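A.B. asks: Structure incoming, see below.
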Amino acid sequence: MSQSTARPGLGLLSVLLAAVGIAPLLNYGLSATSDLIIRDLGISETQFGLLATVCFGCAAIGNVAFGKFADRQADIRLLLLVFGMAALAMGLAALPAGYAFLLLASGISGFAQSFPNGVTNRILAQRVPHDQRIAWTGVKQSGVQVSQLIGSVGFPMLAAVIGWHGASLAGAVVAALLGILAVRVVAAVPLLPVPAPAKPRAGAGRPAGSDAASTRFIIFALTLFGFINGIGVQATNVYIPLFAVRELDFSLVAGGLTAAVAGVVGISARVGWGRMMSRGVPAPKLLLLLAVLATAGGVSFLMAQQAHSATLLWLAVVLHGASALGVSVVLMAALLRAIPISRMGSASGIVSAGQFGGFTVGPLAMGLLISSPGGFTAGWIAVVCIYLSCTLLGLFLVFRRRRSS
């Protein structure tokens, strides 16, 4: 088979995974080396949290502002934007130019996260057979946790040898090489034939207005859930290594390993939740289950601090990885089920903007809380409350679906 007629395979799936995971790499790398960066730059925990806030704030703005722009751009052009901006961000972070430059790098990294969900969802819808799409969604969304694993393990290890600036430079080189590979692979996979539209039967189905209202509600509900969950996700993700180092006396590498373990569990979880979605499990039921597990994870973090227990910390890390980090795949799979291809970029952008909006609030709020007299105790209580809100929203969505079925 010639390259021009190659069918979707492991190469394309790997590209989708890399496209989703490359932009967050800088954020995870900085988080894993947070104690070193805070001491090196002489900044506070709140200032460090502002790096993630700027990153995710730019991502949220980008997802809203560039959704329709992404709908009009070719897949290859969007992939070049994703990998190119990720490489630029890590290249800037490699410069020993101080905190302001690191803020700029974080912002560019955030804008790089404006496009991956939309373009990868569209590639799935246009180039991958229908029976593979939902399962592939689980795999490609695990790219974020692959990034978390690589950043949480690789950055501290490289930082020990060549410093955190050197680790950032290595990440920039990797992003540039992956971008070249991604363009070649996607160009080799043809679009699927477009099926002829089915003729509507007289009197069949719901009115068009009802369908439009249902679609709007789906997008709104997924966006709101992503926003609330996102607050808890990044309030936890950004500060797990610092919590382990400061409160439980872990080394810098061992502290980074906590985030890496969450990433490993998150990879398996996203693949697993994706497979459950592909078997027809309703999204509301999965979102409710994930919210309950995330709440248990937040409680475990709080108990780990109170008991000064490494065992409870590892339990909390596993629950966090299995639940809160798995929400994204359910949101994206639900979109693939309900949204037309022509609106996939903008719909994915809106839902992603909700998530990134939560990601923006979480780190800054957590930084303010742990810098207060309440410390990490106040932070973990807030995280538990956030996930309880997700649980209530999940219950509402489950009951609403039962009433409408």
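Naming scheme: A, B, ... for chains in displayed order of the structure tokens; residues 1 onward per chain; ligands 1 onward as shown.
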Based on DSSP run over this structure's backbone, return all residues of stretch 68-277 of chain A in alpha helix (DSSP H), as number ranges by chain.
C.D. replies: A: 68-72, 75-93, 99-112, 116-127, 130-141, 143-188, 208-237, 240-248, 252-277
A.B. asks: Can you pull out the residues contacting A:Tyr99? Cut-off 12 Å, using only C-alpha atoms, and skip same-chain residues under 6 positions away; I want them as a PyMOL selection string.
C.D. replies: chain A and resi 37-44+47-48+50-51+92-93+105-106
A.B. asks: What's the separation between atom CA of A:Arg401 and atom CA of A:Ala334, in Å to one decimal place?
C.D. replies: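 That distance, rounded to one decimal, is 13.5 Å.
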A.B. asks: Using only C-alpha atoms, find each residue of stretch 52-121 of chain A with at least one atom at most 10 Å away from an atom of stretch 323-333 of chain A; report its shortest atom-to-atom pair and that distance in Å (one decimal), sort the rows by chain and rising residue number, and return the result as JSON lines.
C.D. replies:
```
{"residue": "A:Asn117", "atom": "CA", "partner": "A:Met332", "partner_atom": "CA", "distance": 7.8}
{"residue": "A:Gly118", "atom": "CA", "partner": "A:Met332", "partner_atom": "CA", "distance": 9.3}
{"residue": "A:Asn121", "atom": "CA", "partner": "A:Met332", "partner_atom": "CA", "distance": 7.7}
```
A.B. asks: Can those selected residues be exported to a file as a short mmCIF file (atom, residue, chain, number, x, y, z; two decimals), in the first residue's frame so that it contains N, CA, C and O atoms?
C.D. replies:
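And here is the file that came out, selection02.cif:
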```
data_model
loop_
_atom_site.label_atom_id
_atom_site.label_comp_id
_atom_site.auth_asym_id
_atom_site.auth_seq_id
_atom_site.Cartn_x
_atom_site.Cartn_y
_atom_site.Cartn_z
N ASN A 117 -7.72 19.76 20.96
CA ASN A 117 -8.95 18.99 21.05
C ASN A 117 -9.78 19.11 19.78
O ASN A 117 -10.31 18.12 19.26
N GLY A 118 -9.92 20.32 19.26
CA GLY A 118 -10.72 20.51 18.06
C GLY A 118 -10.15 19.82 16.84
O GLY A 118 -10.85 19.10 16.12
N ASN A 121 -10.22 15.94 17.29
CA ASN A 121 -11.58 15.42 17.14
C ASN A 121 -12.00 15.41 15.67
O ASN A 121 -12.66 14.47 15.19
#
```
A.B. asks: Rank nothing, just name the residue among A:Leu178, A:Ile162, A:Ile134, A:Ala100 nearest to A:Ala23, using only C-alpha atoms.
C.D. replies: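 Going through A:Leu178, A:Ile162, A:Ile134, A:Ala100 one by one, the smallest distance to A:Ala23 is for A:Leu178.
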A.B. asks: Using only C-alpha atoms, find the one residue out of A:Leu388, A:Ala89, A:Leu393, A:Ala135 that sits nearest to A:Leu287.
C.D. replies: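 Going through A:Leu388, A:Ala89, A:Leu393, A:Ala135 one by one, the smallest distance to A:Leu287 is for A:Leu393.
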